[in-house]
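Asker: Next comes target.tsv, TSV, C-alpha atoms:
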chain	number	residue	atom	x	y	z
Q	1	GLN	CA	16.89	4.25	-3.70
Q	2	GLN	CA	13.61	5.92	-2.92
Q	3	GLN	CA	11.61	5.89	-6.14
Q	4	VAL	CA	8.71	8.01	-4.89
Q	5	LYS	CA	9.72	10.90	-2.67
Q	6	GLN	CA	6.96	12.27	-0.46
Q	7	SER	CA	6.91	15.47	1.56
Q	8	PRO	CA	6.34	16.70	4.16
Q	9	GLN	CA	6.74	13.90	6.71
Q	10	SER	CA	4.19	15.55	8.94
Q	11	LEU	CA	1.66	18.32	8.53
Q	12	ILE	CA	-0.51	20.26	10.94
Q	13	VAL	CA	-3.48	22.15	9.52
Q	14	GLN	CA	-6.31	24.05	11.13
Q	15	LYS	CA	-9.87	22.86	10.57
Q	16	GLY	CA	-11.20	24.33	7.37
Q	17	GLY	CA	-7.74	24.82	5.89
Q	18	ILE	CA	-6.13	23.24	2.84
Q	19	SER	CA	-3.76	20.31	3.30
Q	20	ILE	CA	-1.17	19.81	0.56
Q	21	ILE	CA	1.06	16.76	0.24
Q	22	ASN	CA	3.63	16.48	-2.53
Q	23	CYS	CA	5.29	13.56	-4.27
Q	24	ALA	CA	8.01	13.34	-6.89
Q	25	TYR	CA	9.22	10.47	-9.00
Q	26	GLU	CA	11.96	9.71	-11.52
Q	27	ASN	CA	10.73	6.63	-13.36
Q	28	THR	CA	8.83	7.65	-16.49
Q	29	ALA	CA	7.49	4.09	-16.76
Q	30	PHE	CA	5.11	4.77	-13.86
Q	31	ASP	CA	1.60	4.87	-15.28
Q	32	TYR	CA	-0.83	5.07	-12.38
Q	33	PHE	CA	-0.61	7.19	-9.25
Q	34	PRO	CA	-2.92	6.33	-6.33
Q	35	TRP	CA	-3.17	7.95	-2.93
Q	36	TYR	CA	-3.90	5.88	0.14
Q	37	GLN	CA	-5.20	6.98	3.54
Q	38	GLN	CA	-4.31	5.00	6.63
Q	39	PHE	CA	-5.77	5.39	10.10
Q	40	PRO	CA	-3.94	3.94	13.11
Q	41	GLY	CA	-4.51	0.20	13.41
Q	42	LYS	CA	-6.07	-0.03	9.95
Q	43	GLY	CA	-4.92	-0.99	6.50
Q	44	PRO	CA	-4.35	1.62	3.79
Q	45	ALA	CA	-7.52	2.63	1.98
Q	46	LEU	CA	-7.54	3.79	-1.64
Q	47	LEU	CA	-8.54	7.45	-1.68
Q	48	ILE	CA	-8.13	8.68	-5.23
Q	49	ALA	CA	-5.92	7.88	-8.22
Q	50	ILE	CA	-4.80	9.47	-11.47
Q	51	ARG	CA	-3.22	8.44	-14.74
Q	52	PRO	CA	-0.44	10.55	-16.31
Q	53	ASP	CA	-2.59	11.67	-19.23
Q	54	VAL	CA	-4.76	13.74	-16.87
Q	55	SER	CA	-3.54	16.89	-15.10
Q	56	GLU	CA	-6.13	17.00	-12.35
Q	57	LYS	CA	-8.73	14.77	-10.75
Q	58	LYS	CA	-11.21	15.80	-8.09
Q	59	GLU	CA	-13.34	13.65	-5.84
Q	60	GLY	CA	-15.25	15.59	-3.22
Q	61	ARG	CA	-12.77	17.51	-1.06
Q	62	PHE	CA	-9.80	15.58	-2.46
Q	63	THR	CA	-7.91	16.68	-5.58
Q	64	ILE	CA	-4.85	15.24	-7.27
Q	65	SER	CA	-2.77	17.63	-9.36
Q	66	PHE	CA	-0.35	15.97	-11.76
Q	67	ASN	CA	2.59	17.59	-13.56
Q	68	LYS	CA	4.03	15.09	-16.00
Q	69	SER	CA	6.91	17.26	-17.20
Q	70	ALA	CA	8.07	17.96	-13.64
Q	71	LYS	CA	7.37	14.35	-12.58
Q	72	GLN	CA	5.44	15.59	-9.58
Q	73	PHE	CA	1.98	15.06	-8.21
Q	74	SER	CA	0.20	16.33	-5.16
Q	75	LEU	CA	-2.86	15.73	-3.02
Q	76	HIS	CA	-4.96	18.68	-1.92
Q	77	ILE	CA	-7.53	18.26	0.84
Q	78	MET	CA	-9.91	21.19	0.86
Q	79	ASP	CA	-11.82	22.23	3.99
Q	80	SER	CA	-9.72	19.83	6.08
Q	81	GLN	CA	-11.56	18.20	8.98
Q	82	PRO	CA	-10.32	16.54	12.19
Q	83	GLY	CA	-11.60	13.25	10.74
Q	84	ASP	CA	-9.03	13.61	7.95
Q	85	SER	CA	-6.24	13.17	10.51
Q	86	ALA	CA	-4.40	10.11	9.22
Q	87	THR	CA	-1.27	9.09	7.37
Q	88	TYR	CA	-1.35	9.60	3.62
Q	89	PHE	CA	0.73	7.66	1.15
Q	90	CYS	CA	1.33	8.48	-2.46
Q	91	ALA	CA	2.22	5.57	-4.70
Q	92	ALA	CA	3.03	4.66	-8.26
Q	93	ILE	CA	2.58	1.55	-10.31
Q	94	GLU	CA	5.56	0.36	-12.28
Q	95	TYR	CA	5.51	-2.25	-14.98
Q	96	GLY	CA	8.56	-4.05	-16.31
Q	97	GLY	CA	7.62	-6.69	-18.86
Q	98	SER	CA	4.74	-8.57	-17.26
Q	99	GLN	CA	5.91	-7.78	-13.74
Q	100	GLY	CA	4.21	-5.11	-11.73
Q	101	ASN	CA	5.02	-3.29	-8.53
Q	102	LEU	CA	3.21	-0.74	-6.38
Q	103	ILE	CA	5.80	1.61	-4.91
Q	104	PHE	CA	4.85	3.76	-1.94
Q	105	GLY	CA	6.17	7.03	-0.64
Q	106	LYS	CA	7.21	7.17	3.01
Q	107	GLY	CA	3.95	8.75	4.12
Q	108	THR	CA	2.74	12.06	5.55
Q	109	LYS	CA	1.13	12.21	8.95
Q	110	LEU	CA	-1.64	14.80	8.82
Q	111	SER	CA	-3.12	16.32	11.95
Q	112	VAL	CA	-6.11	18.61	11.56
Q	113	LYS	CA	-6.63	20.79	14.64
Q	114	PRO	CA	-10.21	21.75	15.62
B	1	ASP	CA	-14.53	-2.30	5.84
B	2	SER	CA	-12.65	-3.25	2.65
B	3	GLY	CA	-14.01	-6.81	2.49
B	4	VAL	CA	-10.49	-8.27	2.79
B	5	THR	CA	-9.97	-10.36	5.91
B	6	GLN	CA	-6.73	-11.31	7.56
B	7	THR	CA	-5.94	-13.64	10.43
B	8	PRO	CA	-4.53	-13.53	12.98
B	9	LYS	CA	-4.64	-9.88	14.01
B	10	HIS	CA	-1.58	-10.21	16.23
B	11	LEU	CA	1.16	-12.80	16.36
B	12	ILE	CA	4.03	-13.02	18.82
B	13	THR	CA	6.71	-15.60	18.22
B	14	ALA	CA	10.38	-16.27	18.85
B	15	THR	CA	13.36	-15.98	16.57
B	16	GLY	CA	13.91	-19.02	14.38
B	17	GLN	CA	10.25	-19.96	14.33
B	18	ARG	CA	7.86	-20.25	11.39
B	19	VAL	CA	4.44	-18.61	11.09
B	20	THR	CA	1.60	-18.56	8.58
B	21	LEU	CA	-0.52	-15.51	7.87
B	22	ARG	CA	-3.87	-15.94	6.17
B	23	CYS	CA	-5.81	-13.67	3.84
B	24	SER	CA	-9.23	-13.90	2.22
B	25	PRO	CA	-9.75	-11.49	-0.67
B	26	ARG	CA	-12.91	-9.56	-1.47
B	27	SER	CA	-15.58	-11.58	-3.18
B	28	GLY	CA	-14.83	-11.63	-6.91
B	29	ASP	CA	-11.22	-10.49	-6.64
B	30	LEU	CA	-8.70	-12.78	-8.30
B	31	SER	CA	-5.48	-11.04	-7.29
B	32	VAL	CA	-3.93	-11.14	-3.85
B	33	TYR	CA	-0.94	-9.02	-2.91
B	34	TRP	CA	1.20	-9.14	0.22
B	35	TYR	CA	2.92	-6.10	1.72
B	36	GLN	CA	5.20	-5.50	4.67
B	37	GLN	CA	5.00	-2.25	6.61
B	38	SER	CA	7.81	-1.31	8.97
B	39	LEU	CA	8.93	2.00	10.44
B	40	ASP	CA	12.27	2.04	8.63
B	41	GLN	CA	11.27	0.54	5.25
B	42	GLY	CA	7.73	1.84	4.95
B	43	LEU	CA	5.23	-0.11	2.85
B	44	GLN	CA	6.91	-2.65	0.59
B	45	PHE	CA	5.37	-4.99	-1.93
B	46	LEU	CA	6.30	-8.61	-1.36
B	47	ILE	CA	4.44	-10.82	-3.82
B	48	GLN	CA	1.32	-11.10	-5.98
B	49	TYR	CA	-0.82	-14.10	-6.86
B	50	TYR	CA	-3.44	-14.02	-9.57
B	51	ASN	CA	-5.99	-16.82	-9.81
B	52	GLY	CA	-3.69	-19.29	-8.10
B	53	GLU	CA	-0.50	-18.43	-9.94
B	54	GLU	CA	2.43	-16.30	-8.82
B	55	ARG	CA	2.32	-13.15	-10.91
B	56	ALA	CA	4.86	-10.68	-9.56
B	57	LYS	CA	7.60	-10.63	-6.98
B	58	GLY	CA	8.84	-7.66	-5.04
B	59	ASN	CA	11.20	-7.42	-2.10
B	60	ILE	CA	10.38	-10.84	-0.69
B	61	LEU	CA	13.07	-12.68	1.24
B	62	GLU	CA	13.89	-16.27	0.37
B	63	ARG	CA	12.75	-17.25	3.88
B	64	PHE	CA	9.26	-16.05	2.96
B	65	SER	CA	6.87	-17.83	0.63
B	66	ALA	CA	3.24	-17.55	-0.33
B	67	GLN	CA	0.54	-19.44	-2.12
B	68	GLN	CA	-3.00	-18.92	-3.30
B	69	PHE	CA	-5.49	-21.74	-3.00
B	70	PRO	CA	-8.34	-22.76	-5.34
B	71	ASP	CA	-10.84	-20.84	-3.18
B	72	LEU	CA	-8.55	-17.79	-3.75
B	73	HIS	CA	-7.51	-17.32	-0.16
B	74	SER	CA	-3.80	-16.86	0.31
B	75	GLU	CA	-1.22	-17.69	2.93
B	76	LEU	CA	2.12	-16.03	3.59
B	77	ASN	CA	4.67	-18.28	5.25
B	78	LEU	CA	7.53	-16.69	7.15
B	79	SER	CA	10.30	-18.99	8.37
B	80	SER	CA	13.56	-18.74	10.32
B	81	LEU	CA	12.18	-15.56	11.77
B	82	GLU	CA	14.51	-12.76	12.80
B	83	LEU	CA	13.91	-9.74	15.01
B	84	GLY	CA	13.91	-7.56	11.89
B	85	ASP	CA	10.88	-9.39	10.52
B	86	SER	CA	8.72	-7.71	13.15
B	87	ALA	CA	6.29	-5.61	11.14
B	88	LEU	CA	2.74	-5.21	9.95
B	89	TYR	CA	1.87	-7.53	7.10
B	90	PHE	CA	-0.97	-6.49	4.85
B	91	CYS	CA	-2.85	-8.41	2.25
B	92	ALA	CA	-4.64	-6.58	-0.55
B	93	SER	CA	-6.85	-7.78	-3.35
B	94	SER	CA	-8.06	-6.54	-6.72
B	95	VAL	CA	-10.26	-7.80	-9.49
B	96	GLY	CA	-7.59	-7.92	-12.17
B	97	ALA	CA	-3.89	-8.61	-12.32
B	98	GLY	CA	-2.79	-5.07	-12.96
B	99	PHE	CA	-2.14	-3.65	-9.45
B	100	TYR	CA	-4.92	-1.13	-9.92
B	101	GLU	CA	-7.56	-0.42	-7.26
B	102	GLN	CA	-6.19	-2.58	-4.52
B	103	TYR	CA	-8.19	-3.01	-1.34
B	104	PHE	CA	-6.22	-3.66	1.80
B	105	GLY	CA	-7.06	-5.85	4.75
B	106	PRO	CA	-6.61	-4.80	8.39
B	107	GLY	CA	-3.19	-6.41	8.65
B	108	THR	CA	-1.39	-8.85	10.91
B	109	ARG	CA	1.03	-7.40	13.42
B	110	LEU	CA	3.98	-9.78	13.81
B	111	THR	CA	6.30	-9.41	16.76
B	112	VAL	CA	9.43	-11.56	16.85
B	113	THR	CA	11.09	-11.75	20.27
In structure tokens, write the structure found in this file.
Answerer:
Amino acid sequence: QQQVKQSPQSLIVQKGGISIINCAYENTAFDYFPWYQQFPGKGPALLIAIRPDVSEKKEGRFTISFNKSAKQFSLHIMDSQPGDSATYFCAAIEYGGSQGNLIFGKGTKLSVKP
Amino acid sequence: DSGVTQTPKHLITATGQRVTLRCSPRSGDLSVYWYQQSLDQGLQFLIQYYNGEERAKGNILERFSAQQFPDLHSELNLSSLELGDSALYFCASSVGAGFYEQYFGPGTRLTVT
């Protein structure tokens, strides 16, 4: 069962455009939602994260929008650049008792065309 | 550069063999996490160690084991390897035990032939 559903699988955006990646979840116990960026041959890098008590968080060109009632969150990349071309993963942290788990979406491959 | 180091970068071995992957966390980080990344399963959490003790377990097979040493480096042992174990294995580290703000290493690509 896929606990964090990410869409689209791939995305092509023109330079200067807005890239939007969406994620949805079911588990209301999730309490932290990070986004990771991964370039080919590299490990995932933490990009930005949000907690469910905040509806939006912005860091530079990257913004997370969070809708707790709809159990959805999204990443917006403003003024997309060719250097943003990478795979993006949304994730959620789940706690059960003292056990934790970081659950990833399947990823979105973003290509920004010059 | 995240500050997390992993060795080796690539590993090619045969089915039935055993391998050890090594990870050194960022300076000051007490938690080490192991993840497997494959095309069909995506990124999956395997196991977490915090200050030398196992803290959380994810989708780790019984053929796999890990440990964290007093100097905080960690090793992931994979035994009785199968073709399906071919994947990227990432180590991540964080200051605390809570899964927040994890920094990933460059990974070890394991190929089982």
Asker: Within 10 Å of Leu81 (chain B), counting only C-alpha atoms, which residues show up once you throw out same-chain ones fewer than 6 positions away? Write them as a list in words, please.
Answerer: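 That gives Thr13, Ala14, Thr15, Gly16, Gln17, Arg18, Val19, Arg63, Phe64, Thr111, Val112 and Thr113 of chain B.
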Asker: Could you take the residues named above and write them with C-alpha atoms, as a PDB file, in the frame of the given file?
Answerer:
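Heads up, here's the output in selection.pdb:
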ATOM      1  CA  THR B  13       6.710 -15.600  18.220  1.00  0.00           C
ATOM      2  CA  ALA B  14      10.380 -16.270  18.850  1.00  0.00           C
ATOM      3  CA  THR B  15      13.360 -15.980  16.570  1.00  0.00           C
ATOM      4  CA  GLY B  16      13.910 -19.020  14.380  1.00  0.00           C
ATOM      5  CA  GLN B  17      10.250 -19.960  14.330  1.00  0.00           C
ATOM      6  CA  ARG B  18       7.860 -20.250  11.390  1.00  0.00           C
ATOM      7  CA  VAL B  19       4.440 -18.610  11.090  1.00  0.00           C
ATOM      8  CA  ARG B  63      12.750 -17.250   3.880  1.00  0.00           C
ATOM      9  CA  PHE B  64       9.260 -16.050   2.960  1.00  0.00           C
ATOM     10  CA  THR B 111       6.300  -9.410  16.760  1.00  0.00           C
ATOM     11  CA  VAL B 112       9.430 -11.560  16.850  1.00  0.00           C
ATOM     12  CA  THR B 113      11.090 -11.750  20.270  1.00  0.00           C
TER      13      THR B 113
END
Asker: Return as a PDB file with C-alpha atoms, keeping the file's coordinate frame the residues belonging to chain Q that are within 7 Å of chain B, counting only C-alpha atoms.
Answerer:
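Result file part32.pdb:
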ATOM      1  CA  LYS Q  42      -6.070  -0.030   9.950  1.00  0.00           C
ATOM      2  CA  GLY Q  43      -4.920  -0.990   6.500  1.00  0.00           C
ATOM      3  CA  PRO Q  44      -4.350   1.620   3.790  1.00  0.00           C
ATOM      4  CA  ALA Q  45      -7.520   2.630   1.980  1.00  0.00           C
ATOM      5  CA  LEU Q  46      -7.540   3.790  -1.640  1.00  0.00           C
ATOM      6  CA  GLN Q  99       5.910  -7.780 -13.740  1.00  0.00           C
ATOM      7  CA  GLY Q 100       4.210  -5.110 -11.730  1.00  0.00           C
ATOM      8  CA  ASN Q 101       5.020  -3.290  -8.530  1.00  0.00           C
ATOM      9  CA  LEU Q 102       3.210  -0.740  -6.380  1.00  0.00           C
ATOM     10  CA  PHE Q 104       4.850   3.760  -1.940  1.00  0.00           C
ATOM     11  CA  LYS Q 106       7.210   7.170   3.010  1.00  0.00           C
TER      12      LYS Q 106
END
Asker: Identify, on the basis of all atoms listed in the file, every residue whose closest approach to Ser24 (chain B) does not exceed 8 Å; exclude the query and any residue fewer than 5 positions from it along the same chain; express the result as a ChimeraX atom specification.
Answerer: /B:4-6,72-74
Asker: I'd like the interatomic distance between CA of Ser80 (chain B) and CA of Ile12 (chain B), to a tenth of an Å.
Answerer: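 For CA of Ser80 (chain B) relative to CA of Ile12 (chain B), the distance reads 14.0 Å.
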Asker: Could you tell me how far CA of Asn67 (chain Q) lies from CA of Leu47 (chain Q), in Å and to one decimal?
Answerer: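 Calculated distance between CA of Asn67 (chain Q) and CA of Leu47 (chain Q) is 19.2 Å.
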Asker: Mind giving me the straight-line distance from CA of Ser27 (chain B) to CA of Asp71 (chain B) in Å, one decimal?
Answerer: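 Taking CA of Ser27 (chain B) as the start and CA of Asp71 (chain B) as the end point, the length is 10.4 Å.
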Asker: Please write as a list of chain:residue names the list of polymer residues whose atoms come within 9 Å of (1.1, 7.6, -13.0), counting only C-alpha atoms and keeping to the coordinates of the file.
Answerer: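 Within the cut-off we find Q:Thr28, Q:Ala29, Q:Phe30, Q:Asp31, Q:Tyr32, Q:Phe33, Q:Pro34, Q:Ala49, Q:Ile50, Q:Arg51, Q:Pro52, Q:Asp53, Q:Phe66, Q:Lys68, Q:Phe73, Q:Ala91, Q:Ala92, Q:Ile93, Q:Glu94.
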Asker: Write the residues of the preceding selection, restricted to C-alpha atoms, as a PDB file, keeping the file's coordinate frame.
Answerer:
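Below is the file part-v2.pdb, written as the result:
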ATOM      1  CA  THR Q  28       8.830   7.650 -16.490  1.00  0.00           C
ATOM      2  CA  ALA Q  29       7.490   4.090 -16.760  1.00  0.00           C
ATOM      3  CA  PHE Q  30       5.110   4.770 -13.860  1.00  0.00           C
ATOM      4  CA  ASP Q  31       1.600   4.870 -15.280  1.00  0.00           C
ATOM      5  CA  TYR Q  32      -0.830   5.070 -12.380  1.00  0.00           C
ATOM      6  CA  PHE Q  33      -0.610   7.190  -9.250  1.00  0.00           C
ATOM      7  CA  PRO Q  34      -2.920   6.330  -6.330  1.00  0.00           C
ATOM      8  CA  ALA Q  49      -5.920   7.880  -8.220  1.00  0.00           C
ATOM      9  CA  ILE Q  50      -4.800   9.470 -11.470  1.00  0.00           C
ATOM     10  CA  ARG Q  51      -3.220   8.440 -14.740  1.00  0.00           C
ATOM     11  CA  PRO Q  52      -0.440  10.550 -16.310  1.00  0.00           C
ATOM     12  CA  ASP Q  53      -2.590  11.670 -19.230  1.00  0.00           C
ATOM     13  CA  PHE Q  66      -0.350  15.970 -11.760  1.00  0.00           C
ATOM     14  CA  LYS Q  68       4.030  15.090 -16.000  1.00  0.00           C
ATOM     15  CA  PHE Q  73       1.980  15.060  -8.210  1.00  0.00           C
ATOM     16  CA  ALA Q  91       2.220   5.570  -4.700  1.00  0.00           C
ATOM     17  CA  ALA Q  92       3.030   4.660  -8.260  1.00  0.00           C
ATOM     18  CA  ILE Q  93       2.580   1.550 -10.310  1.00  0.00           C
ATOM     19  CA  GLU Q  94       5.560   0.360 -12.280  1.00  0.00           C
TER      20      GLU Q  94
END
Asker: Which is closest to Tyr88 (chain Q) among Q:Ser69, Q:Gln37, Q:Ser19, Q:Gln3, if we use only C-alpha atoms?
Answerer: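 Closest residue, counting only C-alpha atoms: Q:Gln37.
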Asker: Which residues come within 8 Å of Phe62 (chain Q), counting all atoms listed in the file, excluding same-chain residues fewer than 6 positions away, as a list in words?
Answerer: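 Residues near the query, excluding close chain neighbours: Ile48, Leu75, His76, Ile77 and Met78 of chain Q.
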